[in-house]
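What's in protein_3.cif: mmCIF, C-alpha atoms
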data_target
#
loop_
_atom_site.label_atom_id
_atom_site.label_comp_id
_atom_site.auth_asym_id
_atom_site.auth_seq_id
_atom_site.Cartn_x
_atom_site.Cartn_y
_atom_site.Cartn_z
CA MET A 12 16.69 -90.41 149.46
CA GLU A 13 20.27 -90.94 150.70
CA LYS A 14 23.08 -89.52 148.56
CA TRP A 15 25.92 -92.00 148.14
CA THR A 16 29.41 -91.17 146.91
CA GLY A 17 31.07 -92.89 143.98
CA GLU A 18 33.38 -94.74 146.40
CA GLN A 19 30.44 -96.05 148.40
CA ARG A 20 28.54 -97.19 145.32
CA GLY A 21 31.62 -98.93 143.89
CA PHE A 22 32.39 -100.69 147.20
CA ILE A 23 28.93 -102.13 147.75
CA VAL A 24 28.57 -103.32 144.13
CA THR A 25 31.94 -105.10 144.44
CA ALA A 26 30.89 -106.62 147.80
CA TYR A 27 27.60 -107.73 146.29
CA LEU A 28 29.31 -109.53 143.40
CA GLU A 29 32.02 -111.09 145.61
CA ASN A 30 29.41 -112.44 148.05
CA VAL A 31 27.50 -114.38 145.40
CA ARG A 32 24.98 -111.53 144.91
CA SER A 33 23.91 -111.45 148.55
CA PHE A 34 22.39 -108.07 149.41
CA ILE A 35 22.54 -108.71 153.16
CA ARG A 36 26.25 -109.63 153.15
CA ALA A 37 27.04 -106.63 150.95
CA GLN A 38 25.21 -104.27 153.31
CA ARG A 39 26.98 -105.84 156.35
CA GLU A 40 30.42 -105.33 154.77
CA PHE A 41 29.41 -101.78 153.84
CA ARG A 42 28.68 -100.95 157.51
CA LEU A 43 31.96 -102.47 158.65
CA HIS A 44 34.07 -100.80 155.99
CA PHE A 45 32.62 -97.30 156.52
CA HIS A 46 32.34 -97.68 160.33
CA LEU A 47 28.58 -97.17 160.44
CA ALA A 48 26.33 -97.83 163.43
CA PRO A 49 24.26 -101.05 163.33
CA ARG A 50 21.08 -99.16 162.45
CA ALA A 51 22.65 -96.53 160.22
CA PRO A 52 21.12 -96.33 156.72
CA VAL A 53 22.82 -98.27 153.95
CA PRO A 54 22.03 -98.56 150.22
CA SER A 55 18.84 -100.52 149.62
CA TRP A 56 18.72 -103.74 147.65
CA LYS A 57 16.99 -101.85 144.81
CA ALA A 58 19.82 -99.31 144.64
CA ILE A 59 22.45 -102.08 144.65
CA PHE A 60 20.57 -103.92 141.89
CA VAL A 61 20.32 -100.78 139.70
CA TRP A 62 23.96 -99.85 140.25
CA THR A 63 25.07 -103.35 139.32
CA ASN A 64 23.03 -103.33 136.09
CA ASN A 65 24.35 -99.87 135.22
CA LEU A 66 27.90 -101.09 135.72
CA LYS A 67 27.24 -104.05 133.46
CA THR A 68 25.58 -102.07 130.63
CA ALA A 69 27.28 -98.65 130.83
CA GLY A 70 30.53 -99.34 132.69
CA LYS A 71 29.55 -97.08 135.61
CA THR A 72 27.09 -97.21 138.49
CA THR A 73 25.15 -94.07 137.49
CA VAL A 74 23.61 -93.34 134.12
CA THR A 75 22.55 -89.85 133.04
CA ARG A 76 19.10 -90.04 131.54
CA GLY A 77 18.58 -87.83 128.54
CA GLY A 78 14.79 -87.66 128.90
CA SER A 79 12.36 -87.25 126.08
CA VAL A 80 13.13 -84.86 123.25
CA ARG A 81 10.92 -81.79 123.18
CA THR A 82 8.71 -81.82 120.13
CA VAL A 83 6.55 -78.72 120.82
CA ARG A 84 8.33 -76.47 123.32
CA THR A 85 11.32 -76.16 121.02
CA PRO A 86 13.62 -73.12 121.04
CA GLU A 87 12.01 -72.04 117.76
CA ASN A 88 8.48 -72.14 119.24
CA VAL A 89 9.60 -70.38 122.42
CA GLU A 90 11.06 -67.56 120.34
CA ALA A 91 7.92 -67.42 118.19
CA VAL A 92 5.75 -67.01 121.30
CA ARG A 93 8.07 -64.31 122.64
CA GLU A 94 7.91 -62.34 119.39
CA SER A 95 4.13 -62.76 119.12
CA PHE A 96 3.49 -61.41 122.63
CA THR A 97 5.97 -58.59 122.11
CA ARG A 98 4.18 -57.46 118.95
CA LYS A 99 0.65 -57.76 120.35
CA PRO A 100 0.77 -57.68 124.16
CA ARG A 101 -2.98 -57.01 124.47
CA ARG A 102 -3.98 -60.14 122.58
CA SER A 103 -5.32 -63.12 124.52
CA ALA A 104 -3.29 -66.31 124.91
CA ARG A 105 -6.00 -68.22 123.04
CA ARG A 106 -5.78 -65.97 119.98
CA HIS A 107 -1.98 -66.13 120.08
CA SER A 108 -2.16 -69.93 120.10
CA ILE A 109 -4.45 -69.91 117.03
CA SER A 110 -2.16 -67.61 115.04
CA LEU A 111 0.94 -69.63 116.00
CA GLY A 112 -0.65 -73.03 115.29
CA LEU A 113 0.06 -74.20 118.85
CA SER A 114 -2.30 -75.45 121.52
CA THR A 115 -3.34 -73.01 124.25
CA ARG A 116 -1.79 -75.33 126.83
CA THR A 117 1.55 -75.23 125.04
CA VAL A 118 1.49 -71.44 124.78
CA ARG A 119 0.71 -71.11 128.49
CA ARG A 120 3.47 -73.55 129.41
CA ILE A 121 5.93 -71.56 127.35
CA LEU A 122 4.75 -68.35 129.05
CA HIS A 123 5.17 -69.90 132.50
CA ASP A 124 8.16 -72.21 132.20
CA ASP A 125 10.28 -70.78 129.38
CA LEU A 126 9.56 -67.04 129.32
CA HIS A 127 8.84 -66.81 133.09
CA LEU A 128 5.84 -64.53 132.68
CA HIS A 129 3.20 -64.32 135.39
CA PRO A 130 -0.50 -63.42 135.45
CA TYR A 131 -1.22 -59.99 136.90
CA LYS A 132 -4.35 -58.47 138.38
CA ILE A 133 -6.32 -55.86 136.50
CA GLN A 134 -6.70 -52.59 138.37
CA ILE A 135 -9.70 -50.48 137.43
CA VAL A 136 -9.32 -46.73 138.06
CA HIS A 137 -11.20 -43.59 137.16
CA ALA A 138 -10.07 -41.87 133.99
CA LEU A 139 -8.43 -38.56 134.87
CA ASN A 140 -8.44 -35.51 132.64
CA PRO A 141 -5.23 -33.48 132.34
CA THR A 142 -7.05 -30.57 134.00
CA ASP A 143 -7.68 -32.77 137.06
CA TYR A 144 -3.99 -33.08 137.93
CA PRO A 145 -3.36 -29.57 139.30
CA ILE A 146 -6.71 -29.62 141.14
CA ARG A 147 -5.78 -32.88 142.87
CA VAL A 148 -2.31 -31.60 143.75
CA GLY A 149 -3.74 -28.35 145.13
CA PHE A 150 -6.24 -30.20 147.31
CA CYS A 151 -3.60 -32.60 148.64
CA GLU A 152 -1.15 -29.83 149.47
CA HIS A 153 -3.87 -27.86 151.25
CA MET A 154 -4.94 -30.86 153.35
CA LEU A 155 -1.34 -31.75 154.22
CA GLN A 156 -0.79 -28.19 155.40
CA LEU A 157 -3.90 -28.42 157.59
CA PHE A 158 -2.65 -31.70 159.07
CA GLU A 159 0.75 -30.15 159.75
CA ASP A 160 -0.89 -27.23 161.55
CA ASN A 161 -3.17 -29.57 163.52
CA GLN A 162 -1.86 -33.11 163.87
CA LEU A 163 -5.16 -34.32 165.38
CA LEU A 164 -7.19 -33.21 162.38
CA VAL A 165 -6.56 -36.41 160.43
CA HIS A 166 -8.42 -38.22 163.21
CA ASN A 167 -11.17 -35.61 163.34
CA LEU A 168 -12.18 -35.82 159.70
CA TRP A 169 -15.40 -37.54 158.64
CA MET A 170 -15.50 -38.96 155.10
CA SER A 171 -18.81 -40.07 153.57
CA ASP A 172 -20.15 -41.80 150.48
CA GLU A 173 -22.88 -44.08 149.07
CA ALA A 174 -22.57 -47.50 147.45
CA ASN A 175 -24.88 -50.12 145.94
CA PHE A 176 -24.88 -53.69 147.24
CA HIS A 177 -26.62 -56.13 144.88
CA LEU A 178 -28.28 -59.22 146.29
CA SER A 179 -26.75 -61.25 143.45
CA GLY A 180 -23.30 -60.44 144.83
CA ASN A 181 -20.49 -58.52 143.25
CA VAL A 182 -17.74 -59.29 140.77
CA ASN A 183 -14.50 -59.45 142.75
CA LYS A 184 -11.86 -57.74 140.59
CA GLN A 185 -9.17 -59.57 142.62
CA ASN A 186 -10.10 -62.67 140.65
CA PHE A 187 -9.28 -61.11 137.27
CA ARG A 188 -5.88 -62.18 135.92
CA TYR A 189 -4.01 -60.66 133.00
CA TRP A 190 -0.82 -61.64 131.21
CA ALA A 191 0.82 -58.27 131.74
CA VAL A 192 -1.81 -56.07 130.04
CA LEU A 193 -3.49 -59.01 128.32
CA ASN A 194 -7.29 -59.37 128.49
CA PRO A 195 -8.48 -62.98 128.92
CA GLN A 196 -11.97 -61.88 127.71
CA GLU A 197 -13.84 -63.85 130.35
CA LEU A 198 -17.50 -63.10 131.06
CA HIS A 199 -19.39 -62.89 134.32
CA GLU A 200 -23.17 -63.42 134.21
CA ARG A 201 -25.52 -61.62 136.55
CA PRO A 202 -29.25 -60.87 136.52
CA LEU A 203 -30.34 -57.83 134.52
CA HIS A 204 -32.37 -56.39 137.42
CA SER A 205 -30.77 -57.65 140.62
CA PRO A 206 -32.38 -56.40 143.86
CA LYS A 207 -30.05 -54.04 145.67
CA VAL A 208 -29.68 -51.68 148.61
CA THR A 209 -28.19 -48.19 148.46
CA VAL A 210 -26.05 -47.59 151.54
CA TRP A 211 -24.69 -44.33 152.92
CA CYS A 212 -21.90 -44.27 155.52
CA ALA A 213 -19.59 -41.80 157.20
CA MET A 214 -16.35 -42.86 158.86
CA SER A 215 -13.50 -41.39 160.87
CA THR A 216 -11.03 -42.55 163.50
CA ASN A 217 -13.78 -41.98 166.07
CA GLY A 218 -16.01 -44.62 164.50
CA ILE A 219 -18.41 -45.41 161.68
CA ILE A 220 -21.93 -44.07 161.73
CA ASP A 221 -24.41 -46.92 161.29
CA PRO A 222 -25.38 -47.39 157.64
CA TYR A 223 -28.34 -45.48 156.25
CA PHE A 224 -30.35 -47.22 153.52
CA PHE A 225 -32.05 -45.06 150.92
CA GLU A 226 -35.37 -46.86 150.32
CA ASP A 227 -39.08 -46.27 149.91
CA ASP A 228 -41.89 -47.32 152.26
CA ASN A 229 -41.81 -50.81 150.75
CA GLY A 230 -38.09 -51.27 151.42
CA HIS A 231 -37.04 -50.88 147.78
CA ALA A 232 -33.85 -48.97 146.96
CA VAL A 233 -34.42 -45.47 145.57
CA THR A 234 -32.28 -42.92 143.78
CA VAL A 235 -30.46 -40.47 146.06
CA THR A 236 -31.98 -37.09 145.28
CA SER A 237 -31.19 -33.82 147.03
CA ALA A 238 -34.52 -33.99 148.92
CA ARG A 239 -33.78 -37.51 150.16
CA TYR A 240 -30.21 -36.54 151.01
CA VAL A 241 -31.36 -33.57 153.09
CA GLN A 242 -33.94 -35.77 154.80
CA MET A 243 -31.17 -38.20 155.72
CA LEU A 244 -28.99 -35.38 157.07
CA ASN A 245 -31.78 -34.00 159.25
CA ASN A 246 -33.33 -37.22 160.49
CA PHE A 247 -30.28 -39.47 160.67
CA LEU A 248 -26.86 -37.81 160.46
CA ILE A 249 -27.42 -34.95 162.90
CA PRO A 250 -28.77 -37.21 165.69
CA GLU A 251 -25.97 -39.74 165.07
CA LEU A 252 -23.24 -37.09 165.24
CA ARG A 253 -24.34 -36.17 168.77
CA GLN A 254 -22.93 -39.53 169.91
CA PHE A 255 -19.45 -38.59 168.71
CA HIS A 256 -17.01 -35.84 169.67
CA VAL A 257 -17.97 -33.33 166.99
CA ASN A 258 -16.65 -29.81 167.67
CA GLU A 259 -15.42 -26.71 165.90
CA ASP A 260 -12.33 -28.65 164.71
CA THR A 261 -14.33 -31.40 162.96
CA TYR A 262 -14.21 -31.48 159.16
CA PHE A 263 -16.68 -33.33 156.93
CA GLN A 264 -16.08 -34.64 153.40
CA GLN A 265 -18.57 -35.55 150.70
CA ASP A 266 -17.97 -36.08 146.98
CA GLY A 267 -19.37 -34.07 144.08
CA ALA A 268 -22.62 -36.02 143.51
CA THR A 269 -25.47 -33.74 142.41
CA SER A 270 -27.59 -34.63 145.44
CA HIS A 271 -24.71 -33.57 147.71
CA THR A 272 -23.98 -30.28 146.01
CA ALA A 273 -27.53 -29.01 145.48
CA ARG A 274 -28.09 -25.64 147.13
CA VAL A 275 -30.39 -27.00 149.83
CA SER A 276 -27.88 -29.72 150.71
CA MET A 277 -24.91 -27.34 150.77
CA ASP A 278 -26.73 -24.80 152.94
CA LEU A 279 -27.47 -27.44 155.55
CA MET A 280 -23.94 -28.86 155.49
CA ARG A 281 -22.37 -25.41 155.78
CA ASN A 282 -24.48 -24.75 158.87
CA LEU A 283 -23.32 -28.05 160.38
CA PHE A 284 -19.63 -27.55 159.49
CA PRO A 285 -18.98 -23.83 158.92
CA ASN A 286 -15.73 -23.26 156.99
CA ARG A 287 -14.98 -26.98 157.40
CA LEU A 288 -16.89 -28.60 154.55
CA ILE A 289 -14.87 -30.56 151.98
CA SER A 290 -16.99 -30.89 148.86
CA ARG A 291 -17.38 -29.68 145.32
CA ASN A 292 -18.26 -25.99 145.79
CA GLY A 293 -17.43 -26.42 149.49
CA ASP A 294 -15.04 -24.54 151.75
CA ILE A 295 -12.34 -26.92 150.56
CA GLN A 296 -12.77 -28.07 146.97
CA TRP A 297 -12.98 -31.86 146.67
CA PRO A 298 -11.17 -32.84 143.44
CA PRO A 299 -13.26 -34.53 140.73
CA ARG A 300 -12.82 -38.20 139.85
CA SER A 301 -10.81 -38.92 143.00
CA PRO A 302 -12.23 -41.99 144.76
CA ASP A 303 -8.63 -43.06 145.43
CA LEU A 304 -8.44 -40.26 147.99
CA SER A 305 -11.69 -41.18 149.75
CA SER A 306 -11.43 -43.60 152.66
CA CYS A 307 -14.86 -45.03 151.84
CA ASP A 308 -13.86 -45.93 148.28
CA PHE A 309 -10.29 -46.83 149.18
CA PHE A 310 -11.20 -49.11 152.10
CA LEU A 311 -14.77 -49.38 153.31
CA TRP A 312 -16.79 -50.56 150.31
CA GLY A 313 -14.30 -53.16 149.14
CA TYR A 314 -13.83 -54.47 152.67
CA LEU A 315 -17.57 -54.72 153.30
CA LYS A 316 -18.30 -56.49 150.01
CA SER A 317 -15.56 -59.04 150.67
CA LYS A 318 -17.08 -59.78 154.09
CA VAL A 319 -20.78 -59.54 153.29
CA PHE A 320 -20.58 -61.82 150.26
CA GLU A 321 -18.43 -64.53 151.86
CA THR A 322 -21.77 -66.36 151.94
CA ARG A 323 -24.55 -65.12 149.68
CA PRO A 324 -27.37 -63.31 151.60
CA ALA A 325 -30.76 -64.83 150.81
CA THR A 326 -32.92 -61.72 151.14
CA ILE A 327 -32.61 -57.94 151.07
CA GLN A 328 -33.30 -57.85 154.80
CA ASN A 329 -30.51 -60.36 155.38
CA LEU A 330 -28.19 -58.28 153.16
CA LYS A 331 -28.90 -55.12 155.18
CA MET A 332 -28.33 -56.99 158.44
CA ARG A 333 -25.00 -58.36 157.22
CA ILE A 334 -23.82 -54.91 156.12
CA THR A 335 -24.69 -53.45 159.52
CA GLN A 336 -22.99 -56.29 161.40
CA GLU A 337 -19.77 -56.05 159.42
CA ILE A 338 -19.61 -52.27 159.85
CA ARG A 339 -19.99 -52.59 163.62
CA ALA A 340 -17.26 -55.27 163.68
CA ILE A 341 -14.57 -52.93 162.28
CA THR A 342 -12.13 -52.22 165.10
CA PRO A 343 -10.88 -48.79 166.25
CA GLU A 344 -7.32 -49.82 165.33
CA VAL A 345 -8.36 -50.46 161.72
CA LEU A 346 -10.10 -47.08 161.58
CA ARG A 347 -6.98 -45.38 162.90
CA ARG A 348 -4.79 -47.00 160.25
CA VAL A 349 -7.23 -46.01 157.50
CA SER A 350 -7.23 -42.39 158.67
CA GLU A 351 -3.45 -42.28 158.84
CA ASN A 352 -3.22 -43.85 155.39
CA PHE A 353 -5.19 -40.89 154.02
CA SER A 354 -2.14 -38.69 154.67
CA SER A 355 0.08 -41.17 152.83
CA ARG A 356 -2.21 -41.10 149.79
CA LEU A 357 -2.17 -37.30 149.81
CA ARG A 358 1.62 -37.24 149.78
CA GLN A 359 1.85 -39.77 147.00
CA CYS A 360 -0.67 -37.85 144.91
CA VAL A 361 1.56 -34.76 145.20
CA GLN A 362 4.64 -36.82 144.27
CA ASN A 363 2.77 -38.19 141.21
CA ASP A 364 1.77 -34.68 140.10
CA GLY A 365 -1.89 -35.55 140.59
CA ARG A 366 -1.82 -38.78 138.60
CA HIS A 367 -3.00 -42.20 139.73
CA LEU A 368 -1.54 -43.55 142.97
CA THR A 369 0.33 -46.46 141.40
CA GLY A 370 2.34 -47.10 144.56
CA VAL A 371 -0.88 -47.63 146.50
CA ILE A 372 -2.68 -49.50 143.71
CA PHE A 373 0.15 -51.99 143.15
CA LYS A 374 1.37 -51.94 146.80
CA LYS A 375 4.95 -50.99 145.99
#
Written as structure tokens, how would this file's structure read?
Amino acid sequence: MEKWTGEQRGFIVTAYLENVRSFIRAQREFRLHFHLAPRAPVPSWKAIFVWTNNLKTAGKTTVTRGGSVRTVRTPENVEAVRESFTRKPRRSARRHSISLGLSTRTVRRILHDDLHLHPYKIQIVHALNPTDYPIRVGFCEHMLQLFEDNQLLVHNLWMSDEANFHLSGNVNKQNFRYWAVLNPQELHERPLHSPKVTVWCAMSTNGIIDPYFFEDDNGHAVTVTSARYVQMLNNFLIPELRQFHVNEDTYFQQDGATSHTARVSMDLMRNLFPNRLISRNGDIQWPPRSPDLSSCDFFLWGYLKSKVFETRPATIQNLKMRITQEIRAITPEVLRRVSENFSSRLRQCVQNDGRHLTGVIFKK
């Protein structure tokens, strides 16, 4: 829409009235008076008509419209919503609307348009005990010192873990929205006994070892026991590692799961990586309740689930195939960035005195 000055509006209304209400003559005189090109835009006949009526009824070409008077989003109701959310920030918007006698739509409009609040994502993290903080800091400082002594070590570190992939899909926590710390109390339904696969992976800058599925002879997922873990190490991991550059500088990480830290498992892992095993009761103590430091938990599982469940797999076999395909599609550049990010998480953990990595979680 063209913006016309007061002088231009007054001139064309006068020309319109003097030329016996001829829009064409008024527009022609407008072009001549303001030295406009033949095809230059001029006020439309609708604009001239409105300006003329405004001049007749209000004494000026423009009229400021007051709009409708607010009957619900009044200053009093806005302040009431503000006070209600300040007193009980964990209460849902629906319950606030009931207690205030306002509709949920009105409360949400006040939150958005008047109070300028925004929905935030919930972030689920492991609960840390106060005794965990110094253990986490000690581990991080030790690893950072190792990386400083050997700058290539961060790329020569294998990190491993297991995860369950349910055929029914997974709840994507990115879709949860909170008003600050407010719980919308929404439910997600899923089958009680959804078929699943239990996947084990190990990753480093050098690559990702193909996934290993813990299952019985019928292809059903089984619990990871120490016997099954050792069987996997002997029959799968050791042959796979021969394809990579594993040497006396290679470190291996596993978490504190019972199957990992059983004596038979630890003996085998210590033989594979003497003085270079990162684990509970290992050569380097892996801190408890610290998935935020593991590259598998920090990156791999979330990335795979977002890719695998873009379209729902129809069968367990299809699910396993999709997992394998997506793992093999991860590029070396991505693996390098993930490995380098491990150092950043270590430093932030030290800066936070072992507490949660809020800068990483909320991407500050």
Self-check item: the PyMOL selection byres ((chain A and resi 168) around 12) applied to the shown file, residues as an MDAnalysis selection string
Solution: chainID A and resid 154 157:158 161:167 169:171 213:219 255:265 284 287:289 305:306 346:347 349:351 353:354
Practice problem: Using the chain letters and numbers from the file, give me the residues hit by the PyMOL selection byres ((chain A and resi 22-39) around 7), as a ChimeraX atom specification. | Solution: /A:18-21,40-43,53,56,59,62-63
Self-check item: Exercise: residues within 7 Å of coordinate (32.0, -97.1, 139.2), counting all atoms listed in the file, as a list in words
Solution: Gly17, Gly21, Leu66, Lys71 and Thr72 of chain A
Self-check item: Result set, the PyMOL selection byres ((chain A and resi 176) around 7) on current file, as number ranges by chain
Solution: A: 174-175, 177-178, 207-209
Quiz item: Using all atoms listed in the file, can you list as a ChimeraX atom specification the residues within 12 Å of (-14.4, -31.3, 145.1)?
Solution: /A:143,146-147,149-151,264-269,271-272,288-302,304-305
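Ranking A:Leu283, A:Val275, A:Val210, A:Val92 by their shortest atom-to-atom distance to Thr335 in chain A, with all atoms listed in the file included, puts A:Val210 first.
CA of Gln359 in chain A sits 25.2 Å away from CA of Glu173 in chain A.
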Quiz prompt | Polymer residues at most 12 Å from Tyr314 in chain A, all atoms listed in the file, same-chain spacing of 2 or more positions, as a list of chain:residue names | solution = A:Asn183, A:Ser306, A:Cys307, A:Asp308, A:Phe309, A:Phe310, A:Leu311, A:Trp312, A:Lys316, A:Ser317, A:Lys318, A:Val319, A:Phe320, A:Glu321, A:Ile334, A:Glu337, A:Ile338, A:Ala340, A:Ile341, A:Val345, A:Val349
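Here CA of Trp211 in chain A and CA of Leu244 in chain A stand 10.8 Å from one another.
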Exercise. With a distance cut-off of 10 Å and only C-alpha atoms, select the neighbouring residues of Leu113 in chain A, excluding the residue or stretch itself and same-chain residues fewer than 3 positions from it, and output the selection as number ranges by chain.
Key: A: 83-84, 88, 92, 105, 107-110, 116-118
Quiz prompt | CA of Arg339 in chain A to CA of Pro285 in chain A, straight-line distance in Å | solution = 29.2 Å
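For the set A:Leu128, A:Leu330, A:Ala238, A:Ile249, the residue with the smallest atom-to-atom gap to Arg274 in chain A is A:Ala238, counting all atoms listed in the file.
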